[in-house]
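Structure first, then comments.
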Amino acid sequence: MSAGNANSLTSSGQQSIEEVSHPLSAEESVLSSPDTANADLSLLNGTPVDTSSPASSSSLVNRLQLDDDLNGETHDLFVSVDDPKKHVSTMETYITYRVTTKTTRTEFDLPEYSLRRRYQDFDWLRNKLEESQPTHLVPPLPEKFVMKGVVDRFSEEFVETRRKALDKFLKRVADHPVLSFNENFNVFLTAKDLNSYKKQGLALLTKMSESVKNVTGGYKLRSRPLEFAAMLDYLDVFTQKLGTIDRIAQRIIKEQSEYLMELRDYGPLYSSWAAFEGELQKPLKSVSECVTSCATALEELTDDMSEDFLPVLREYVLYIESMKNVLKKRDQVQAEYEAKLEAIVVRKEEKIGVPMDVEKCQDRMECFNADLKADWERWQNNKRQDFRQLLTGMAEKNIQYYEKVGQIVRSMYKSQV
Amino acid sequence: MTSEKESRVPIMAEGSCLLRKMEISVAEAEKRTGKNAVNMQETYTVYLIETRPADSVTEGHNPVPDSLWRRYSEFELLRNYLLVTYPFIVIPPLPEKRAEFVWHKLSADNMDPDFVERRRIGLENFLLRVASHPVLSSDKIFFLFLTEENGWKEAVFETGFLAKSDSRLKALNATFRVKNPDKRFSELKHYSDELQSVTSQLLRVRARVADRLYGVYKVHGNYGRVFSEWSAIEKEMGDGLQSAGHHMDAYAASVDDILEEEEHYADQLKEYLFYAEAVKAVCRKHELLQYELETASQDLASKKQQQEELAAGTVRTFSFKGMTSKLFGQETPEQREAKLKVLEEQIKEGEEELQKEFVKNAWKDIERFKEQKDHDLREALMSYAVMQISMCKKGIQVWTNAKECFSKM
């Protein structure tokens, strides 16, 4: 299996392994994979990779294993979002991000693109994708609206958090076997002047989207197939659990912040004690410095939780909402089909025209079901990887914190004995 | 247990002390009920004091120690006796009467078993400190405290220390100003004030730090439950989540032991908080003696002046604590002369007492105390550091385990 894939990779004009292993967005927050002890690089689509030697066979095997995760799909489209910059104009101030594309696909005129996009553009893309691919799950974007005065839209932390989420969004789209071939996506990645394109209103819809768009609501679903019912049940419970985890994480951040505040009072007391002691001055002073350094380490841990952990959790809640919407649409399509079917039976309509309409509905429903099932599988796999990464990351940050603190205290102790 | 005891044995003094000859420990604590002074039922704790000759434990020979039960109030009585009898000594403090500087989860209840256990250790520490003191350890009453269960109280009261105690308390609480304070003693008093202030602040903040740390650990326990619930709806991820959850539970539970150990550090700080008070008592005693000396000198000076004035023919009326009437009643100049001489001698004696006995002995003990304090507090700080290192090791262990489980999701 691996041999076969290796061949297909090299022969279909892929980039060399070497190139692939060096991601464009090197500053992406990377987390240790289970196999490696050191910080690593990731593939451009966000999956971790062994970097013992980029061209080694082991890294090749790792990539292939990952390929297996994603149903043996080949990677010929790499995207990244980085380099946020502030733009000030008379009308408004906003941030743009550099979007870089590297690809061998023939749908693209050039092998490489680099242009700047702002949040609006991402939002436009997402809407277009939803419109044009209604049977597919489109990944979520970070929240659009931020309360002015509560959050500083231009703070480093906020911009970085947003950038990571936008990067993830694009990578998920690029990863998707259907969405990545969407015309709107292509335009987003390549058009120099996106605004004029938007104005032209060329909504390139697929045949499917046209028909799905015309599905009117108001049909009542008879019975949901078990597998889709199971999906909804799963999503309901999962949402609940994510909400609980979010609350727990927030509570931890709060407790740690209060702990930090007390430590900031605690350290200086040893210093003021040292001021009126003789022999004890040295040990007291070093204890004071020790406490202060430990407080700094704690602050780093807490900030990481806020900046890396919580946003990813919240993003998944949005993802679940999107998934639920897609399931709802599917229900509608099925409902319409069932209604039309019933109408024939009841009204005994002529064979011309109506049966075809029913057939079209049936087709539509079955396509939708198939697309949805495929997307569900893909979503489950991604979710598993994402949470594995998220939670091992959280554990790793805590390990680093304790290692740091242990180091600080140990060296203080050694200096005094 | 032995090593614990060893670490609590104070520095052995140069001169021979009781501890050299005798093993002392406060081995147990027990609840008792009985009728108190107002004939009401009360519950109290008694502590078992065990003693045995130092060289009695040899190969194959482990004699049963002598023992008796004492309650906290008896320890207090012993200490009050020592305070009055040795005013120039920094008397070791007792563990606190009521739990203070308590962080929220810790009980402030005197009957709480953890509090009783820490008090048992504190009482043992007190006895060991007295028994290793070059002066205090040879006190007869102290010896009886350790060996005579029933006759002890009578013996203490027979010393008549209570009478001295009352006047001492009165004097200590009175406000008076010394004209020429001894610089060393005022510096020492100032140091004690500062030590008291900083240690009580430290204890208060440390309790708050402990409280917050407790919160951080315990909230992680919630992860245990939610991971368990979440694992129920997952297929491949379930096992990893479930076992990670167990580690989160273990993490949350580990804080109880960590903080219990830290209480020992707090107790060590508390001991020196109370020690500072004992140092102040010595300073205060010195101040009192100084004041009495100054008063006596002043009396003598005024007597001389009165005599001169009488001789010169001018009389001024002082009212000086009735001494005027006592001295300048119907006396002849020769009688007055004699009385003055007696007064002078008394003052000289007073000066001798002050300088020779008190200051010398007090300062000797203060030097001993300073060395002991520097040694003990340094040890306390270092063992506190060791506790933190151990806490970090545990943290790394738990999170490494959790990380492994997560990576298998």
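Here, A, B, ... name the chains of the structure tokens in the order displayed, residue numbers run from 1 inside each chain, and ligands are numbered from 1 in the same displayed order.
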Next on the checklist: Can you work out which residues from chain A touch chain B at a cut-off of 8 Å (counting only C-alpha atoms) and hand them back as an MDAnalysis selection string?
Outcome noted: chainID A and resid 33:34 234 237:238 241 244:245 248 251:252 255:256 258:259 262:263 265:266 269:270 272:273 276 279:280 283:284 287 384 388:389 391:392 395:396 398:399 402:403 405:406 409:410 413
Which residues are close to Leu144 in chain B, i.e. within 9 Å by only C-alpha atoms, leaving aside same-chain residues fewer than 6 positions away? Reply as a compact mmCIF listing (two decimals) with all heavy atoms, in the first residue's frame.
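Final output, around_10.txt:
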```
# COMPACT_ATOMS: atom_id res chain seq x y z
N GLY B 151 1.60 15.29 91.40
CA GLY B 151 2.12 16.28 92.34
C GLY B 151 2.55 17.60 91.72
O GLY B 151 2.89 18.56 92.40
N TRP B 152 2.52 17.62 90.39
CA TRP B 152 3.16 18.75 89.72
C TRP B 152 2.48 20.09 90.03
O TRP B 152 3.15 21.08 90.34
CB TRP B 152 3.20 18.49 88.21
CG TRP B 152 3.78 19.63 87.46
CD1 TRP B 152 5.08 19.99 87.42
CD2 TRP B 152 3.06 20.59 86.69
NE1 TRP B 152 5.24 21.12 86.63
CE2 TRP B 152 4.00 21.51 86.18
CE3 TRP B 152 1.72 20.78 86.36
CZ2 TRP B 152 3.66 22.58 85.37
CZ3 TRP B 152 1.36 21.84 85.56
CH2 TRP B 152 2.34 22.74 85.07
N ALA B 155 3.36 21.61 93.25
CA ALA B 155 4.76 22.08 93.25
C ALA B 155 4.88 23.45 92.59
O ALA B 155 5.58 24.33 93.08
CB ALA B 155 5.64 21.05 92.54
```
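Residue nearest Ser411 in chain A, chosen from A:Phe387, A:Phe169, A:Cys290, A:Glu160 and counting only C-alpha atoms: A:Cys290.
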Item to check | Distance query Thr295 in chain B at most 10 Å, only C-alpha atoms, self and fewer than 6 positions along chain excluded, as a list in words | outcome: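 Here the answer would be Val178, Lys179, Leu289, Ala301 and Ile347 of chain B.
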Item to check | Proximity to Glu262 in chain B - best of B:Tyr86, B:Ala380, B:Lys153, B:Glu28, only C-alpha atoms | outcome: B:Ala380
Which neighbours of range 283-286 of chain B fall inside 8 Å, counting only C-alpha atoms, when residues of the same chain fewer than 5 positions from it are skipped, and could you give them as a short mmCIF file (atom, residue, chain, number, x, y, z; two decimals) with C-alpha atoms, in the first residue's frame?
```cif
data_model
loop_
_atom_site.label_atom_id
_atom_site.label_comp_id
_atom_site.auth_asym_id
_atom_site.auth_seq_id
_atom_site.Cartn_x
_atom_site.Cartn_y
_atom_site.Cartn_z
CA PRO B 87 12.61 36.88 82.78
CA PHE B 88 15.98 37.23 81.05
CA LEU B 172 4.23 44.79 81.55
CA PHE B 185 17.50 46.51 73.61
CA SER B 186 15.54 49.12 71.70
CA LEU B 188 16.07 44.31 69.47
CA LYS B 189 12.54 45.39 70.33
CA LEU B 354 20.47 45.10 86.20
CA PHE B 358 20.01 40.56 83.69
CA VAL B 359 21.76 42.17 80.79
#
```
Item to check | 7 Å contact set for Ala29 in chain B, only C-alpha atoms, chain neighbours under 5 positions out, as JSON, numbers by chain | outcome: {"B": [45, 46, 47, 48, 120]}
Item to check | Length of the CA of Ser254 in chain B to CA of Leu313 in chain A vector [Å] | outcome: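 It comes out at 27.2 Å.
Taking CA of Arg129 in chain B and CA of Gln268 in chain B as endpoints, the distance between them is 13.4 Å.
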